[in-house]
Structure formats: structure tokens, C-alpha cells
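Written below as C-alpha cells is the structure these notes are about.
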Amino acid sequence: MLGYKRVVIAQNERGLHLYDRRLAAILEPGVYRWFDPLDHHEVQRYDLTVAEFNHPWLDILLRNEPSLVERYFQVVETGERQVGLIYKSGRLEGVLPPATRQAYWRGPVEVKVDLLDISADYALSRAHAALLARPSVMLARSLNGFILTAEIEDNHVGLLLVDGELVRTLSPGLHAFWRFNRAIKMETIDLRLQTVEVSGQEILTKDKVSLRVNLSAVYRIADPVKARSELGNIAEYLYRTLQFGLRQAIGTQPLDGLLGDKDELDRVVRNYVAERVEPHGLTLETVGIKDVILPGEMKEILNQVVTAEKAAQANVIRRREEVAATRSLLNTAKLMEENPILLRLKELEALEKVVDKVERLTVFGGLDGVLRDTVRINLPPH
């Protein structure tokens, strides 16, 4: 009809009835008619499946219409050190930051808000961390960077820093913390064995020979809190200490001593480094010199020295064998001198060897002549 305004509020809706821009009533489902030729009436519809009621007049309604607000809305306020977990129909679907006021329609969506005090304990429980660290798409929209999450792996430790201060260590597992009212940072430290390489170090020995040395070390972080608080860069500090230890060990010994006992060199470097890193929470497991590289001319000189040493050793061995052979001959001669039968047997052996090497042998005087004249040994008089 001309001049009448008809409004239908559906079953899942509520309507704010405004008359001349002032709240007149909250309309429940039904059909409403007004004679309104001058357009004084206005209705703002709200879908109750969206529980949040966001309206610029909320503060005015709370002050001027408390009974109306109590009937149709659930109002939740968080303190400056409180966080609200919003559950809708039993499911966690949002977070209320501190110092926040939010109104929810009383309707088909049951809203429950759990208030958490984060003034002292700002860590989420394991159950809440599991939900908020891997949120659903809708829940992720409401988090808006409110939470710091970290997953600490096995054989690692986490260090929690709050407002620049190291406050606790974190064991392996999932951890989450509220970011509100504080600056939170988390660092992870590996507690497993780690390797550091010191390569290509040009060092002069005590006798001024230039060497190129490569070293490898294995270490672990035994006290992560002390290491982190006392050392700015753990790996760099250890590298520099190994470098200085290597130079100290090589620069105080001649070349012959270094090449003669590498194990001793490893021990010297390890003792030097361990003494300086262990007070800072590091444990040095092993230190090993991988390569000792000589300059080209020094290699040639050492090769000549080695060759000369081997030749001298060969001569010594040869002379030793000659002396042994001579001594054996002397012992054999003494036995023959004392035993004529043994001497005769040796003569026969000599004759056998001679016969094997000649084609024809003319014998005079019979067999006795062969035995007496072919091989003749004049024994010295007794």
C-alpha cells in the first residue's frame, strides 16, 4: 500500500529497528509494517549464523539499553593482560586480544569464551598449542600473528628470549607463546656432534719452513645457555681458536719433529683449544691434522734425504749379511779341520758339481787319483 513499509525478518535473522536514526527495538523473526511516507523507519538485518555483532553504536547500547543488550547479546571483555579463546558450538574458532570488547548474538550459534591470564604465564598449554600452531583456515584468519610457535627437534634445545632476556630452555616438542605485551624470540641449538674444518693454513715452522695444513675437529655444545650468553658466534669462535692453536703448535717445533709424530701435534692442538672453549660450554671431542703439504723444493730435498737414508740402510743390511756369511764359512772350515771325513765329503760334493759342468773328464791313476788329485786341499801342519 502506498506509504506503508513492509519488512520480513527471517528465522535466522534479527533486525535493528531505527526510527529517525535512533534505536527503537530489536526485531525477531516475523513480518512488520509501518506507515512511513516520510521514510522515518529503517531496519538493519543481521544473520545469526555470524555470531559477532560489530556496530559503532555498541558502547551506546551498553550504556543506554543494558536490559536490551542482556536479552539479545553476550558481551565479552578481555583485560589488558587477558586473552580470550572463542569456542563456537564447541569448536575453537578464534582469539580475542587483550583489552578487547566483543558482542555476540544469542542465537543458534552457541558462543563460549575462555579467558586466560597471560600476565605471568604466556605459554600455551600443549593442547592449545596443537590447535593454534596448525590452525584451520578460519582460525588462522583470527590469529593474525598473535602466537609464536616453534617445533624443537630431537637432540636440539630451544632458548626462549623475552624482551631481549633469556628466560628458559625448551625441550624437544611443539611450543607456542602469546606475543601480546612482549617481544618474544626463539633460538634453536643443535646438541649433536658437529664438525668444523680449518683448511689452507700457511704456517712457518720453528726452522722457517712454510707448511700448508688442513685440520678437522669434532665438537658438541654441552651447555647451550652458557655458550649462547658468552659467545656471539659459536662456530666462528671455535674456528679462530683452532686456527690459533694450530699456529701455536706448528710455530714452536722444527719440521723433523712435526713430521716424526703427528699424534703429538694433534694432542698439542687439542689441549690448547679445549682449555679455551670448555669454560664457555663447548666440549671438544677430537682434533685431527688431515694434511701437511710441503712446498715443491722441500719435497725434493726430503725425497733425497729419504733416498739416502734407504741406501744407507741397504748398505748396512748388505754388510751385515756378508759378515754373517763369512762367519758361517769360518765355522764350516773349523769343522772340516777337526773332521777329515767331513772334508772328504765336501770334496766329493765339489767333484760332483765339476762333473755336471764338463762334457769329458780324463782320469789318470784310477779312482784314487780322481779323489786325491782332482780336488786337493793342503791342510796346514798341526
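Residues in the C-alpha cells are numbered from 1 in each chain, the chains being A, B, ... in the order shown, and ligands are numbered from 1 in the order shown.
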
Open item on the list: So that I can check the surroundings of Thr205 (chain A), please list as a list of chain:residue names every protein, DNA and RNA residue that reaches within 7 Å of it, counting only C-alpha atoms and ignoring chain neighbours fewer than 2 positions away.
Closed with: A:Ile203, A:Asp207, A:Lys208, A:Val209, A:Ser210, A:Ile250, A:Gly251, A:Thr252, A:Gln253, A:Pro254, A:Leu255

Quick one: write out the picked residues with C-alpha atoms as an mmCIF file, in the first residue's frame?
data_model
loop_
_atom_site.group_PDB
_atom_site.id
_atom_site.type_symbol
_atom_site.label_atom_id
_atom_site.label_comp_id
_atom_site.auth_asym_id
_atom_site.auth_seq_id
_atom_site.Cartn_x
_atom_site.Cartn_y
_atom_site.Cartn_z
ATOM 1 C CA ILE A 203 102.273 -21.628 8.737
ATOM 2 C CA ASP A 207 113.123 -23.687 11.414
ATOM 3 C CA LYS A 208 111.332 -21.357 8.930
ATOM 4 C CA VAL A 209 109.808 -23.998 6.649
ATOM 5 C CA SER A 210 106.447 -22.971 5.175
ATOM 6 C CA ILE A 250 103.487 -25.736 14.456
ATOM 7 C CA GLY A 251 105.370 -22.489 15.006
ATOM 8 C CA THR A 252 107.187 -23.821 18.067
ATOM 9 C CA GLN A 253 108.522 -27.063 16.541
ATOM 10 C CA PRO A 254 111.031 -27.850 13.757
ATOM 11 C CA LEU A 255 109.945 -29.687 10.628
#

Task: Asp266 (chain A) environment, 7 Å, only C-alpha atoms, sequence neighbours closer than 6 positions dropped, as a PyMOL selection string - done: chain A and resi 287-289

Open item on the list: What's the separation between CA of Thr332 (chain A) and CA of Arg320 (chain A), in Å to one decimal place?
Closed with: 18.6 Å

Open item on the list: Just want the 7 Å neighbourhood of region 189-195 of chain A, counted on only C-alpha atoms, with same-chain residues fewer than 6 positions away dropped. Output as a ChimeraX atom specification.
Closed with: /A:155-158,217-221,224

Selection file, N, CA and C atoms, as a PDB file, in the first residue's frame:
ATOM      1  N   ASN A 155      67.355 -34.012  19.974  1.00  0.00           N
ATOM      2  CA  ASN A 155      68.774 -33.662  20.062  1.00  0.00           C
ATOM      3  C   ASN A 155      69.014 -32.177  19.816  1.00  0.00           C
ATOM      4  N   HIS A 156      67.977 -31.373  20.032  1.00  0.00           N
ATOM      5  CA  HIS A 156      68.098 -29.920  19.973  1.00  0.00           C
ATOM      6  C   HIS A 156      67.534 -29.345  21.271  1.00  0.00           C
ATOM      7  N   VAL A 157      67.849 -28.087  21.534  1.00  0.00           N
ATOM      8  CA  VAL A 157      67.267 -27.383  22.664  1.00  0.00           C
ATOM      9  C   VAL A 157      66.880 -25.988  22.183  1.00  0.00           C
ATOM     10  N   GLY A 158      65.769 -25.494  22.699  1.00  0.00           N
ATOM     11  CA  GLY A 158      65.315 -24.160  22.339  1.00  0.00           C
ATOM     12  C   GLY A 158      65.629 -23.159  23.443  1.00  0.00           C
ATOM     13  N   ALA A 217      88.015 -30.870  13.222  1.00  0.00           N
ATOM     14  CA  ALA A 217      87.693 -31.053  14.642  1.00  0.00           C
ATOM     15  C   ALA A 217      86.217 -31.401  14.788  1.00  0.00           C
ATOM     16  N   VAL A 218      85.913 -32.180  15.817  1.00  0.00           N
ATOM     17  CA  VAL A 218      84.542 -32.572  16.138  1.00  0.00           C
ATOM     18  C   VAL A 218      84.225 -32.069  17.544  1.00  0.00           C
ATOM     19  N   TYR A 219      83.081 -31.395  17.683  1.00  0.00           N
ATOM     20  CA  TYR A 219      82.722 -30.824  18.982  1.00  0.00           C
ATOM     21  C   TYR A 219      81.220 -30.947  19.195  1.00  0.00           C
ATOM     22  N   ARG A 220      80.790 -30.677  20.425  1.00  0.00           N
ATOM     23  CA  ARG A 220      79.374 -30.580  20.744  1.00  0.00           C
ATOM     24  C   ARG A 220      79.160 -29.435  21.736  1.00  0.00           C
ATOM     25  N   ILE A 221      77.935 -28.934  21.767  1.00  0.00           N
ATOM     26  CA  ILE A 221      77.572 -27.876  22.708  1.00  0.00           C
ATOM     27  C   ILE A 221      77.033 -28.542  23.960  1.00  0.00           C
ATOM     28  N   PRO A 224      74.218 -25.131  26.406  1.00  0.00           N
ATOM     29  CA  PRO A 224      73.747 -24.151  25.424  1.00  0.00           C
ATOM     30  C   PRO A 224      73.508 -22.765  26.010  1.00  0.00           C
TER      31      PRO A 224
END

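Across the structure, CA of Asn144 (chain A) and CA of Glu93 (chain A) are spaced 12.9 Å apart.
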
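The space between CA of Val31 (chain A) and CA of Arg6 (chain A) spans 7.2 Å.
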
Task: Close residues, region 163-180 of chain A itself excluded, 7 Å, only C-alpha atoms, min 4 positions apart in chain, as a PyMOL selection string - done: chain A and resi 122-124+129+146-154+156-159+184

Residues from last step as file, C-alpha atoms, as a short mmCIF file (atom, residue, chain, number, x, y, z; two decimals), in the first residue's frame:
data_model
loop_
_atom_site.label_atom_id
_atom_site.label_comp_id
_atom_site.auth_asym_id
_atom_site.auth_seq_id
_atom_site.Cartn_x
_atom_site.Cartn_y
_atom_site.Cartn_z
CA TYR A 122 52.34 -16.61 28.45
CA ALA A 123 52.96 -20.18 27.24
CA LEU A 124 50.08 -22.06 25.66
CA ALA A 129 49.45 -25.25 21.10
CA PHE A 146 49.25 -13.31 17.82
CA ILE A 147 51.23 -16.51 18.52
CA LEU A 148 54.89 -17.52 18.21
CA THR A 149 55.22 -21.25 17.54
CA ALA A 150 58.31 -23.43 17.28
CA GLU A 151 58.89 -27.15 16.91
CA ILE A 152 62.09 -28.28 18.63
CA GLU A 153 63.54 -31.46 17.08
CA ASP A 154 65.17 -34.32 18.95
CA HIS A 156 68.10 -29.92 19.97
CA VAL A 157 67.27 -27.38 22.66
CA GLY A 158 65.32 -24.16 22.34
CA LEU A 159 66.22 -20.85 24.01
CA ILE A 184 59.35 -12.94 22.06
#

- [ ] Would you list, as a ChimeraX atom specification, the residues of region 195-259 of chain A that end up in strand (DSSP E) under DSSP run on this structure's backbone?
- [x] /A:195-204,210-221

- [ ] Would you mind telling me which residue in A:Lys290, A:Arg101, A:Arg63, A:Lys88 lies nearest to Val75 (chain A) when using only C-alpha atoms?
- [x]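 Nearest candidate to Val75 (chain A) out of A:Lys290, A:Arg101, A:Arg63, A:Lys88: A:Arg101.
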
TODO: Would you mind listing what lies within 8 Å of Leu85 (chain A) as a ChimeraX atom specification, with only C-alpha atoms counted and same-chain residues fewer than 4 positions away left out?
DONE: /A:92-96,113-116

TODO: Find the residues around Val269 (chain A) up to 9 Å (only C-alpha atoms counted), leave out those fewer than 5 positions away in its own chain, and share them as JSON, numbers by chain.
DONE: {"A": [242, 244, 245, 246, 247, 248, 249, 264, 274, 287, 288]}

Write to file, as a PDB file, in the first residue's frame, the residues of the selection just made, with C-alpha atoms.
ATOM      1  CA  LEU A 242      91.563 -23.927  16.336  1.00  0.00           C
ATOM      2  CA  PHE A 244      95.455 -20.074  16.769  1.00  0.00           C
ATOM      3  CA  GLY A 245      96.112 -23.469  18.376  1.00  0.00           C
ATOM      4  CA  LEU A 246      97.406 -24.867  15.084  1.00  0.00           C
ATOM      5  CA  ARG A 247      99.757 -21.935  14.585  1.00  0.00           C
ATOM      6  CA  GLN A 248     100.978 -22.192  18.168  1.00  0.00           C
ATOM      7  CA  ALA A 249     101.723 -25.919  17.832  1.00  0.00           C
ATOM      8  CA  GLU A 264     101.708 -35.407  19.338  1.00  0.00           C
ATOM      9  CA  ALA A 274      89.974 -27.462  24.897  1.00  0.00           C
ATOM     10  CA  VAL A 287      91.098 -32.925  16.674  1.00  0.00           C
ATOM     11  CA  GLY A 288      92.991 -34.319  13.690  1.00  0.00           C
TER      12      GLY A 288
END

TODO: May I ask which of the residues A:Asn214, A:Glu70, A:Val109, A:Leu345 is the closest one to Glu202 (chain A), counting only C-alpha atoms?
DONE: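 With only C-alpha atoms as the atom set, the closest residue is A:Asn214.
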
Task: Nearest to Glu197 (chain A) by atom-to-atom distance, counting only C-alpha atoms, from A:Arg240, A:His40, A:Arg228, A:Arg212 - done: A:Arg240
